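Source file entry-v2.csv; content: CSV, C-alpha atoms.
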chain,number,residue,atom,x,y,z
A,585,MET,CA,-21.4,18.7,23.4
A,586,THR,CA,-23.1,15.3,23.5
A,587,GLY,CA,-21.6,11.9,22.8
A,588,PRO,CA,-22.8,9.3,20.3
A,589,ALA,CA,-26.3,8.0,20.6
A,590,PRO,CA,-26.5,4.6,22.4
A,591,LEU,CA,-27.1,1.6,20.3
A,592,THR,CA,-30.5,0.1,20.3
A,593,PRO,CA,-30.4,-3.2,22.2
A,594,LEU,CA,-30.7,-6.2,19.9
A,595,PRO,CA,-33.7,-8.6,20.6
A,596,PRO,CA,-32.0,-11.8,21.8
A,597,GLN,CA,-34.5,-14.0,19.8
A,598,ALA,CA,-33.6,-12.1,16.6
A,599,VAL,CA,-30.0,-12.9,17.1
A,600,ILE,CA,-30.7,-16.6,17.9
A,601,ASP,CA,-32.7,-16.8,14.7
A,602,ALA,CA,-29.9,-15.2,12.7
A,603,SER,CA,-27.4,-17.6,14.2
A,604,ALA,CA,-29.7,-20.5,13.2
A,605,ARG,CA,-29.9,-19.2,9.6
A,606,LEU,CA,-26.1,-19.0,9.5
A,607,ARG,CA,-25.8,-22.6,10.8
A,608,THR,CA,-28.2,-23.7,8.0
A,609,LEU,CA,-26.0,-21.9,5.5
A,610,LEU,CA,-22.9,-23.7,6.8
A,611,PHE,CA,-24.7,-27.0,6.7
A,612,GLU,CA,-25.6,-26.4,3.0
A,613,VAL,CA,-21.9,-25.5,2.2
A,614,LYS,CA,-20.7,-28.6,4.1
A,615,LYS,CA,-22.7,-30.7,1.6
A,616,VAL,CA,-19.8,-30.0,-0.7
A,617,ILE,CA,-16.9,-28.9,1.5
A,618,VAL,CA,-15.2,-31.4,3.8
A,619,GLY,CA,-13.5,-29.9,6.9
A,620,GLN,CA,-12.3,-26.3,6.5
A,621,ASP,CA,-14.4,-25.3,9.5
A,622,LEU,CA,-12.1,-22.4,10.5
A,623,LEU,CA,-12.1,-21.0,6.9
A,624,LEU,CA,-15.8,-21.2,6.5
A,625,GLU,CA,-16.5,-19.6,9.9
A,626,ARG,CA,-14.0,-16.8,9.1
A,627,LEU,CA,-15.7,-16.3,5.7
A,628,LEU,CA,-19.0,-15.7,7.5
A,629,VAL,CA,-17.5,-13.4,10.0
A,630,ALA,CA,-15.8,-11.4,7.3
A,631,LEU,CA,-19.1,-11.2,5.4
A,632,LEU,CA,-20.9,-9.9,8.4
A,633,ALA,CA,-18.1,-7.5,9.3
A,634,ARG,CA,-17.5,-6.3,5.7
A,635,GLY,CA,-13.9,-7.5,5.7
A,636,HIS,CA,-11.7,-9.5,3.4
A,637,VAL,CA,-9.8,-12.7,3.8
A,638,LEU,CA,-6.3,-13.8,2.7
A,639,VAL,CA,-5.9,-17.6,2.5
A,640,GLU,CA,-2.6,-19.3,2.4
A,641,GLY,CA,-2.3,-23.0,1.6
A,642,VAL,CA,-0.8,-25.4,-0.9
A,643,PRO,CA,-2.8,-26.2,-4.1
A,644,GLY,CA,-5.7,-28.7,-4.0
A,645,LEU,CA,-7.2,-27.8,-0.7
A,646,ALA,CA,-10.6,-26.6,-2.1
A,647,LYS,CA,-10.0,-22.9,-1.4
A,648,THR,CA,-11.7,-22.0,-4.6
A,649,LEU,CA,-14.5,-24.4,-4.1
A,650,ALA,CA,-15.2,-23.1,-0.6
A,651,ILE,CA,-15.9,-19.5,-1.6
A,652,HIS,CA,-17.8,-20.6,-4.8
A,653,THR,CA,-20.1,-22.8,-2.8
A,654,THR,CA,-20.6,-20.1,-0.2
A,655,ALA,CA,-21.6,-17.7,-2.9
A,656,GLN,CA,-24.1,-20.2,-4.3
A,657,ALA,CA,-25.6,-20.7,-0.8
A,658,ILE,CA,-26.3,-17.0,-0.4
A,659,GLY,CA,-27.4,-16.4,-3.9
A,660,ALA,CA,-24.6,-13.9,-4.6
A,661,SER,CA,-22.6,-13.2,-7.7
A,662,PHE,CA,-19.2,-14.8,-7.9
A,663,ARG,CA,-16.1,-14.1,-10.0
A,664,ARG,CA,-12.8,-15.9,-10.1
A,665,ILE,CA,-9.8,-13.9,-11.2
A,666,GLN,CA,-6.6,-15.9,-12.0
A,667,PHE,CA,-3.8,-13.4,-11.3
A,668,THR,CA,-0.8,-13.6,-13.7
A,669,PRO,CA,2.2,-11.2,-14.2
A,670,ASP,CA,0.8,-10.0,-17.6
A,671,LEU,CA,-2.5,-8.7,-16.2
A,672,VAL,CA,-3.3,-5.0,-16.6
A,673,PRO,CA,-5.8,-3.0,-14.4
A,674,ALA,CA,-8.4,-3.1,-17.2
A,675,ASP,CA,-8.5,-6.9,-16.9
A,676,LEU,CA,-9.6,-6.4,-13.3
A,677,ILE,CA,-11.8,-3.3,-13.1
A,678,GLY,CA,-12.9,-2.8,-16.7
A,679,THR,CA,-12.2,-0.3,-19.4
A,680,ARG,CA,-13.8,2.2,-21.9
A,681,ILE,CA,-14.7,0.7,-25.3
A,682,TYR,CA,-15.5,2.8,-28.4
A,683,ASN,CA,-18.9,2.0,-29.9
A,684,GLN,CA,-18.8,2.6,-33.6
A,685,LYS,CA,-22.6,2.7,-33.9
A,686,THR,CA,-23.1,5.5,-31.4
A,687,GLY,CA,-19.7,7.1,-31.9
A,688,ALA,CA,-19.2,7.3,-28.1
A,689,PHE,CA,-17.1,5.5,-25.5
A,690,GLU,CA,-18.9,3.0,-23.2
A,691,VAL,CA,-17.7,1.5,-20.0
A,692,GLU,CA,-17.3,-2.2,-19.8
A,693,LEU,CA,-17.0,-3.2,-16.1
A,694,GLY,CA,-14.5,-5.9,-15.2
A,695,PRO,CA,-14.9,-9.1,-13.1
A,696,VAL,CA,-14.2,-7.3,-9.8
A,697,VAL,CA,-17.8,-6.0,-9.9
A,698,ALA,CA,-19.4,-8.9,-8.1
A,699,ASN,CA,-20.4,-9.9,-4.5
A,700,LEU,CA,-17.7,-12.5,-3.9
A,701,ILE,CA,-14.3,-12.3,-5.6
A,702,LEU,CA,-11.7,-15.0,-5.6
A,703,ALA,CA,-8.3,-13.4,-6.3
A,704,ASP,CA,-6.4,-16.6,-7.1
A,705,GLU,CA,-2.7,-16.5,-6.5
A,706,ILE,CA,-2.7,-12.8,-5.7
A,707,ASN,CA,1.0,-12.6,-5.2
A,708,ARG,CA,1.5,-13.2,-9.0
A,709,ALA,CA,0.0,-9.7,-9.7
A,710,PRO,CA,2.2,-6.8,-10.5
A,711,ALA,CA,2.0,-3.4,-8.7
A,712,LYS,CA,-0.6,-1.8,-11.0
A,713,ILE,CA,-3.0,-4.7,-10.4
A,714,GLN,CA,-2.3,-4.5,-6.6
A,715,SER,CA,-3.2,-0.8,-6.7
A,716,ALA,CA,-6.5,-1.3,-8.5
A,717,LEU,CA,-7.5,-4.1,-6.2
A,718,LEU,CA,-6.6,-2.0,-3.2
A,719,GLU,CA,-9.1,0.7,-4.2
A,720,ALA,CA,-11.8,-1.9,-4.7
A,721,MET,CA,-11.1,-3.5,-1.3
A,722,GLN,CA,-10.8,-0.3,0.8
A,723,GLU,CA,-13.1,2.1,-1.0
A,724,ARG,CA,-15.5,-0.5,-2.4
A,725,GLN,CA,-15.5,1.3,-5.7
A,726,VAL,CA,-13.6,1.3,-9.0
A,727,THR,CA,-12.5,4.2,-11.1
A,728,ILE,CA,-12.4,4.0,-14.9
A,729,GLY,CA,-11.3,7.2,-16.6
A,730,SER,CA,-13.2,10.0,-14.8
A,731,GLN,CA,-16.1,7.8,-13.7
A,732,THR,CA,-16.4,6.0,-10.4
A,733,PHE,CA,-18.6,3.0,-10.0
A,734,PRO,CA,-19.7,1.6,-6.6
A,735,LEU,CA,-19.3,-2.1,-6.0
A,736,PRO,CA,-22.2,-4.3,-5.1
A,737,ASP,CA,-23.1,-4.9,-1.4
A,738,PRO,CA,-22.2,-7.4,0.1
A,739,PHE,CA,-18.6,-7.4,-1.3
A,740,LEU,CA,-15.8,-9.7,-0.2
A,741,VAL,CA,-12.4,-10.5,-1.6
A,742,LEU,CA,-10.9,-13.8,-0.8
A,743,ALA,CA,-7.3,-13.9,-2.0
A,744,THR,CA,-5.2,-17.0,-2.1
A,745,GLN,CA,-1.4,-17.3,-2.2
A,746,ASN,CA,0.8,-20.4,-2.6
A,747,PRO,CA,3.5,-20.6,0.2
A,748,ILE,CA,5.7,-23.1,-1.5
A,749,GLU,CA,6.4,-21.4,-4.8
A,750,SER,CA,8.3,-18.1,-5.3
A,751,GLU,CA,9.1,-18.1,-9.0
A,752,GLY,CA,7.1,-15.5,-10.9
A,753,THR,CA,5.6,-14.0,-7.7
A,754,TYR,CA,5.6,-10.5,-6.3
A,755,PHE,CA,5.9,-9.5,-2.7
A,756,LEU,CA,2.6,-8.2,-1.4
A,757,PRO,CA,2.9,-4.6,-0.1
A,758,GLU,CA,2.4,-4.2,3.6
A,759,ALA,CA,-0.3,-1.6,2.9
A,760,GLN,CA,-2.3,-4.2,1.0
A,761,VAL,CA,-1.8,-7.1,3.4
A,762,ASP,CA,-3.0,-4.8,6.2
A,763,ARG,CA,-6.3,-4.4,4.4
A,764,PHE,CA,-7.2,-8.0,4.9
A,765,MET,CA,-9.2,-8.6,8.0
A,766,PHE,CA,-8.0,-12.2,8.4
A,767,LYS,CA,-5.2,-14.3,7.1
A,768,VAL,CA,-6.3,-18.0,7.3
A,769,ILE,CA,-3.8,-20.8,7.0
A,770,VAL,CA,-5.4,-23.9,5.3
A,771,SER,CA,-3.7,-27.2,6.1
A,772,TYR,CA,-4.0,-30.7,4.8
A,773,PRO,CA,-7.2,-32.6,5.7
A,774,GLY,CA,-7.1,-35.4,8.2
A,775,PHE,CA,-7.2,-39.0,7.1
A,776,HIS,CA,-11.0,-39.5,7.5
A,777,GLU,CA,-11.7,-36.1,5.9
A,778,GLU,CA,-9.5,-37.0,2.9
A,779,MET,CA,-11.4,-40.4,2.6
A,780,THR,CA,-14.7,-38.4,2.5
A,781,VAL,CA,-13.2,-36.0,-0.1
A,782,VAL,CA,-12.3,-39.0,-2.4
A,783,GLU,CA,-15.7,-40.5,-1.9
A,784,ARG,CA,-17.5,-37.3,-2.7
A,785,VAL,CA,-15.6,-36.4,-5.9
A,786,SER,CA,-16.3,-39.9,-7.3
A,787,HIS,CA,-20.0,-39.0,-7.3
A,788,LYS,CA,-21.9,-35.9,-8.4
A,789,PHE,CA,-22.0,-33.2,-5.8
A,790,GLU,CA,-25.4,-32.5,-4.3
A,791,PRO,CA,-27.0,-29.3,-5.7
A,792,ILE,CA,-26.6,-26.2,-3.5
A,793,ASN,CA,-29.8,-24.4,-2.5
A,794,VAL,CA,-29.9,-20.7,-1.7
A,795,GLN,CA,-30.2,-20.4,2.1
A,796,LEU,CA,-29.7,-16.7,2.6
A,797,SER,CA,-30.5,-13.8,0.3
A,798,SER,CA,-28.2,-10.8,-0.2
A,799,GLU,CA,-30.8,-8.6,1.5
A,800,GLU,CA,-30.9,-10.9,4.5
A,801,LEU,CA,-27.2,-10.8,4.7
A,802,ARG,CA,-27.2,-7.0,4.7
A,803,GLY,CA,-29.7,-7.2,7.5
A,804,MET,CA,-27.3,-9.4,9.5
A,805,GLN,CA,-24.5,-6.9,8.8
A,806,ARG,CA,-26.6,-4.2,10.4
A,807,MET,CA,-27.3,-6.5,13.3
A,808,ALA,CA,-23.6,-7.1,13.8
A,809,ASP,CA,-23.1,-3.3,13.9
A,810,GLN,CA,-25.5,-3.2,17.0
A,811,VAL,CA,-23.7,-5.9,19.0
A,812,TYR,CA,-22.8,-4.6,22.5
A,813,VAL,CA,-19.1,-4.5,23.3
A,814,HIS,CA,-18.0,-3.8,26.9
A,815,PRO,CA,-15.1,-1.4,27.3
A,816,SER,CA,-13.0,-4.1,28.9
A,817,VAL,CA,-13.4,-6.2,25.7
A,818,VAL,CA,-12.1,-3.1,23.7
A,819,GLU,CA,-9.3,-2.7,26.2
A,820,TYR,CA,-8.4,-6.4,25.7
A,821,ALA,CA,-8.3,-6.0,21.9
A,822,VAL,CA,-6.1,-2.9,22.1
A,823,THR,CA,-3.8,-4.6,24.6
A,824,LEU,CA,-3.3,-7.6,22.2
A,825,ALA,CA,-2.5,-5.3,19.3
A,826,ARG,CA,-0.1,-3.2,21.2
A,827,ALA,CA,1.7,-6.3,22.6
A,828,THR,CA,2.8,-7.1,19.1
A,829,ARG,CA,4.6,-3.7,18.9
A,830,ASP,CA,6.0,-3.9,22.4
A,831,PRO,CA,6.2,-7.5,23.7
A,832,ALA,CA,7.9,-6.2,26.9
A,833,SER,CA,4.6,-4.6,27.9
A,834,VAL,CA,3.2,-8.0,28.6
A,835,GLY,CA,6.4,-9.5,30.1
A,836,LEU,CA,7.9,-10.9,26.9
A,837,SER,CA,11.0,-8.6,26.6
A,838,GLU,CA,13.0,-11.4,25.0
A,839,LEU,CA,10.8,-11.1,21.9
A,840,ARG,CA,11.4,-7.4,21.4
A,841,ARG,CA,14.5,-7.9,19.2
A,842,SER,CA,12.6,-10.5,17.0
A,843,VAL,CA,9.9,-8.0,16.0
A,844,VAL,CA,10.6,-4.9,13.9
A,845,TYR,CA,7.0,-3.8,13.2
A,846,GLY,CA,3.9,-4.9,15.1
A,847,ALA,CA,0.2,-4.7,14.2
A,848,SER,CA,-1.3,-1.4,13.2
A,849,PRO,CA,-4.4,0.1,14.9
A,850,ARG,CA,-6.4,-1.5,12.1
A,851,ALA,CA,-5.8,-4.8,14.0
A,852,SER,CA,-7.5,-3.4,17.1
A,853,VAL,CA,-10.5,-2.3,14.9
A,854,ASN,CA,-10.7,-5.6,13.1
A,855,LEU,CA,-10.6,-7.6,16.4
A,856,ILE,CA,-13.7,-5.7,17.6
A,857,LEU,CA,-15.5,-5.7,14.3
A,858,GLY,CA,-14.8,-9.4,13.9
A,859,ALA,CA,-15.8,-10.2,17.5
A,860,LYS,CA,-19.2,-8.4,17.0
A,861,ALA,CA,-19.8,-10.5,13.9
A,862,LEU,CA,-18.6,-13.7,15.6
A,863,ALA,CA,-21.1,-13.0,18.4
A,864,ILE,CA,-23.9,-13.1,15.9
A,865,VAL,CA,-22.6,-16.4,14.4
A,866,ARG,CA,-22.6,-17.8,18.0
A,867,GLY,CA,-26.1,-16.5,18.8
A,868,ARG,CA,-25.2,-13.6,21.2
A,869,GLU,CA,-26.2,-10.0,21.1
A,870,TYR,CA,-23.0,-9.1,23.0
A,871,ALA,CA,-19.3,-9.8,22.3
A,872,LEU,CA,-17.1,-11.6,24.8
A,873,PRO,CA,-13.3,-11.5,25.3
A,874,GLU,CA,-13.2,-15.1,24.0
A,875,ASP,CA,-14.5,-13.9,20.6
A,876,VAL,CA,-11.5,-11.5,20.4
A,877,ARG,CA,-9.1,-14.2,21.5
A,878,ASP,CA,-10.4,-16.8,19.0
A,879,LEU,CA,-10.0,-14.3,16.1
A,880,ALA,CA,-6.6,-13.0,17.2
A,881,PRO,CA,-4.3,-15.4,15.3
A,882,GLU,CA,-6.0,-14.7,12.0
A,883,VAL,CA,-6.1,-10.9,12.7
A,884,LEU,CA,-2.5,-10.5,13.9
A,885,ARG,CA,-0.3,-13.0,12.0
A,886,HIS,CA,0.0,-11.0,8.8
A,887,ARG,CA,0.5,-7.7,10.6
A,888,ILE,CA,3.8,-8.6,12.3
A,889,MET,CA,7.1,-8.2,10.6
A,890,LEU,CA,10.0,-10.2,12.0
A,891,SER,CA,13.4,-8.5,12.3
A,892,TYR,CA,16.7,-9.8,10.8
A,893,GLU,CA,17.5,-11.4,14.2
A,894,GLY,CA,14.1,-13.1,14.3
A,895,LEU,CA,14.5,-14.4,10.8
A,896,ALA,CA,18.1,-15.6,11.5
A,897,GLU,CA,17.0,-17.4,14.6
A,898,GLU,CA,14.1,-19.0,12.6
A,899,VAL,CA,11.4,-17.6,14.9
A,900,ARG,CA,8.1,-19.1,13.9
A,901,LEU,CA,5.5,-16.4,13.6
A,902,GLU,CA,2.7,-18.7,14.7
A,903,GLU,CA,4.5,-19.5,18.0
A,904,LEU,CA,5.3,-15.8,18.5
A,905,VAL,CA,1.6,-14.8,18.1
A,906,GLY,CA,0.6,-17.7,20.4
A,907,ARG,CA,2.9,-16.5,23.1
A,908,LEU,CA,1.7,-12.9,22.9
A,909,ILE,CA,-2.0,-14.0,23.1
A,910,ALA,CA,-1.2,-16.3,26.1
A,911,ALA,CA,0.6,-13.4,27.9
A,912,VAL,CA,-2.3,-11.0,27.8
A,913,PRO,CA,-4.8,-11.7,30.7
A,914,LEU,CA,-8.3,-12.6,29.5
A,915,PRO,CA,-10.9,-10.4,31.3
A,916,ARG,CA,-14.0,-12.0,32.6
A,917,VAL,CA,-17.0,-9.9,31.7
A,918,HIS,CA,-20.2,-10.8,33.6
A,919,LEU,CA,-22.7,-8.8,31.5
A,920,GLY,CA,-26.0,-9.6,33.1
A,921,ASP,CA,-28.2,-7.1,31.3
A,922,PRO,CA,-25.6,-5.2,29.3
A,923,HIS,CA,-28.2,-2.4,28.5
A,924,GLY,CA,-29.5,-2.1,32.0
A,925,ALA,CA,-28.6,0.4,34.7
A,926,ALA,CA,-26.3,-1.9,36.7
A,927,PRO,CA,-22.8,-2.0,35.3
A,928,PRO,CA,-21.2,-5.3,34.4
A,929,VAL,CA,-18.8,-6.9,36.9
A,930,VAL,CA,-15.4,-7.3,35.3
A,931,THR,CA,-12.5,-9.4,36.6
A,932,ARG,CA,-9.3,-10.3,35.0
A,933,ASP,CA,-7.4,-13.6,34.9
A,934,GLU,CA,-3.8,-13.5,35.8
A,935,PRO,CA,-1.4,-14.8,33.1
A,936,ALA,CA,-0.2,-18.3,33.4

Can you turn what I pasted into C-alpha cells?
Amino acid sequence: MTGPAPLTPLPPQAVIDASARLRTLLFEVKKVIVGQDLLLERLLVALLARGHVLVEGVPGLAKTLAIHTTAQAIGASFRRIQFTPDLVPADLIGTRIYNQKTGAFEVELGPVVANLILADEINRAPAKIQSALLEAMQERQVTIGSQTFPLPDPFLVLATQNPIESEGTYFLPEAQVDRFMFKVIVSYPGFHEEMTVVERVSHKFEPINVQLSSEELRGMQRMADQVYVHPSVVEYAVTLARATRDPASVGLSELRRSVVYGASPRASVNLILGAKALAIVRGREYALPEDVRDLAPEVLRHRIMLSYEGLAEEVRLEELVGRLIAAVPLPRVHLGDPHGAAPPVVTRDEPA
C-alpha cells in the first residue's frame, strides 16, 4: 500500500509573480477602500483557500463596499442579499416558474448563483434560509426541486452581522458558524483614515480596473494547494486548536472552567489551508508557523463557546484566544530546500 503522491514543487518565481499580482489587486481595491487591511488580506486568503468570511462590525464601516470593489477588481460576478426575517429559500437559491407558452416548469436561479456573495446582516435570516445558505457554502451547489445546480468557481460568501442590535435577529447555529473559515472584527478607522474617507466620498471614486481574471484566480487556488507544509507546522496548528478544548494542556488550567466547547477539527484544517494561501500572498512556496499564528485569531474566535462561569465573569473571548495563542510555543522551521533530501531543522521556542 503506497501513500499519497508527493506534491510537485512550486517554482519560486511563479509564486513571487502571483504575489505581485495580488499586491496589484490590493492596490486597485485601495483606490476606493481606506484602511481595512486585515479584512482585505483575509478576503484574498479565503478566495485562494476556497473559504468563507464572517464579518462583524457596526454599520457604516464599508464592509459592503470592500467586497464589491474586490469583485470588480477580479472581474467576478457579485450579488448582495439583504437578509430579513420574511425571506424564504426561493428568494436565495431560486425557484421553478411555470411557463404558459411551453406548458412546462422552468428553473429561475436565485442571487446566490454568483462568484462573490454578500450576505448582509445574516443573523436576521430564519432557519430555512440558514439551511439553504449552508448547502451553498459547504457543497457549493443549490437544489431546486429534484435538480441540483453547481455554483460558479470561484465562490465566496462574505456574511456580515451587526453586534450592537439584537431586535429581530436570529442566533446563528454553531454548525453554520463553523463553516466560516474566518471571523473578522472590523473596527472604527483611525483619525487620518477617517479624514481620507471624508475626502474621497466628496469626490467621485476612481474607476476600478480588472486586475485578475477568474481563470487566473483559479490558477492561484491550484498553486495554493501545492504549497509545502512541514509536519511541525501541522503539529502547531493542531496544538492550537486542541488548546481551545483543553487549556490545561498548554498550562492554562484556570481557563478550563470558562470554556464549554472548543474549536472543532475544522479549525485545524482551516489553519493549514489558510496558511498555504497566506504563503502565496506573501510570496513563498512554503508555509511557516507565523502564517498559522497570524490567522489563528480569525480562525478560532468564532469556534469557542464560553461557559456560564465565563460569561458571568465577563471573560473576553479576544483575550482568551490571545492567551491560548501565546501559550503554545512557536516552532522554528528552517526549511532550506523543503523538497530536497536533507530534512529541515526544527526547533521550538519556549513559552514566555

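Here the question is which of A:Ala743, A:Ile909, A:Leu645, A:Ala657 gets nearest to Pro791 (chain A) using all atoms listed in the file, and that residue is A:Ala657.
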
Task: Residue contacts of Gln722 (chain A) (12 Å, all atoms listed in the file) excluding same-chain residues fewer than 2 positions away, as a PyMOL selection string - done: chain A and resi 634-636+715-720+724-726+734-735+739-741+759-765

- [ ] Tell me, in Å to one decimal, how far CA of Thr780 (chain A) is from CA of Val618 (chain A).
- [x] 7.1 Å

Task: Residue nearest Thr727 (chain A) among A:Pro913, A:Pro595, A:Gly694, A:Gly803 (counting all atoms listed in the file) - done: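 The answer is A:Gly694, which sits nearest to Thr727 (chain A).
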
- [ ] Work out how far apart CA of Val616 (chain A) and CA of Ala646 (chain A) are and give it in Å to one decimal.
- [x] 9.9 Å

- [ ] Go through A:Tyr812, A:Glu790, A:Gly846, A:Gln620 and flag the residue nearest Ser891 (chain A), using only C-alpha atoms for the distances.
- [x] A:Gly846

Open item on the list: Can you measure CA of Tyr870 (chain A) to CA of Leu609 (chain A) for me? One decimal in Å is fine.
Closed with: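 Going from CA of Tyr870 (chain A) over to CA of Leu609 (chain A) covers 21.9 Å.
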
Task: Nearest candidate to Gln795 (chain A) (options A:Val853, A:Leu904, A:Leu862, A:Ala604; using only C-alpha atoms) - done: A:Ala604

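For the choices A:Asp809, A:Asp675, A:Asp875, A:Glu690, the atom-to-atom distance to Ala633 (chain A) is smallest for A:Asp809 when using only C-alpha atoms.
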
- [ ] Identify, on the basis of all atoms listed in the file, every residue whose closest approach to region 597-601 of chain A does not exceed 8 Å; exclude the query and any residue fewer than 3 positions from it along the same chain; express the result as number ranges by chain.
- [x] A: 594, 604-605, 807, 864, 867-869

For the selection just defined, write its residues with C-alpha atoms to a file, as an mmCIF file, in the frame of the given file.
data_model
loop_
_atom_site.group_PDB
_atom_site.id
_atom_site.type_symbol
_atom_site.label_atom_id
_atom_site.label_comp_id
_atom_site.auth_asym_id
_atom_site.auth_seq_id
_atom_site.Cartn_x
_atom_site.Cartn_y
_atom_site.Cartn_z
ATOM 1 C CA LEU A 594 -30.700 -6.200 19.900
ATOM 2 C CA ALA A 604 -29.700 -20.500 13.200
ATOM 3 C CA ARG A 605 -29.900 -19.200 9.600
ATOM 4 C CA MET A 807 -27.300 -6.500 13.300
ATOM 5 C CA ILE A 864 -23.900 -13.100 15.900
ATOM 6 C CA GLY A 867 -26.100 -16.500 18.800
ATOM 7 C CA ARG A 868 -25.200 -13.600 21.200
ATOM 8 C CA GLU A 869 -26.200 -10.000 21.100
#

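Taking all atoms listed in the file into account, Thr732 (chain A) lies nearest to A:Leu693 out of the set A:Leu693, A:Leu796, A:Ile658, A:Val672.
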
- [ ] For Ile792 (chain A), list every protein, DNA or RNA residue within 9 Å, evaluated using only C-alpha atoms, and leave out those in the same chain fewer than 6 positions away; present the list as number ranges by chain.
- [x] A: 612-613, 615-616, 653, 656-657

Task: Test item: residues at most 10 Å from Leu839 (chain A), all atoms listed in the file, excluding those fewer than 5 positions along its chain, as a PyMOL selection string - done: chain A and resi 828+830-832+890+894+899+904+907-908

Kindly export the residues of the current selection with C-alpha atoms, as a compact mmCIF listing (two decimals), in the frame of the given file.
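Output (again-v9.txt):
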# COMPACT_ATOMS: atom_id res chain seq x y z
CA THR A 828 2.80 -7.10 19.10
CA ASP A 830 6.00 -3.90 22.40
CA PRO A 831 6.20 -7.50 23.70
CA ALA A 832 7.90 -6.20 26.90
CA LEU A 890 10.00 -10.20 12.00
CA GLY A 894 14.10 -13.10 14.30
CA VAL A 899 11.40 -17.60 14.90
CA LEU A 904 5.30 -15.80 18.50
CA ARG A 907 2.90 -16.50 23.10
CA LEU A 908 1.70 -12.90 22.90
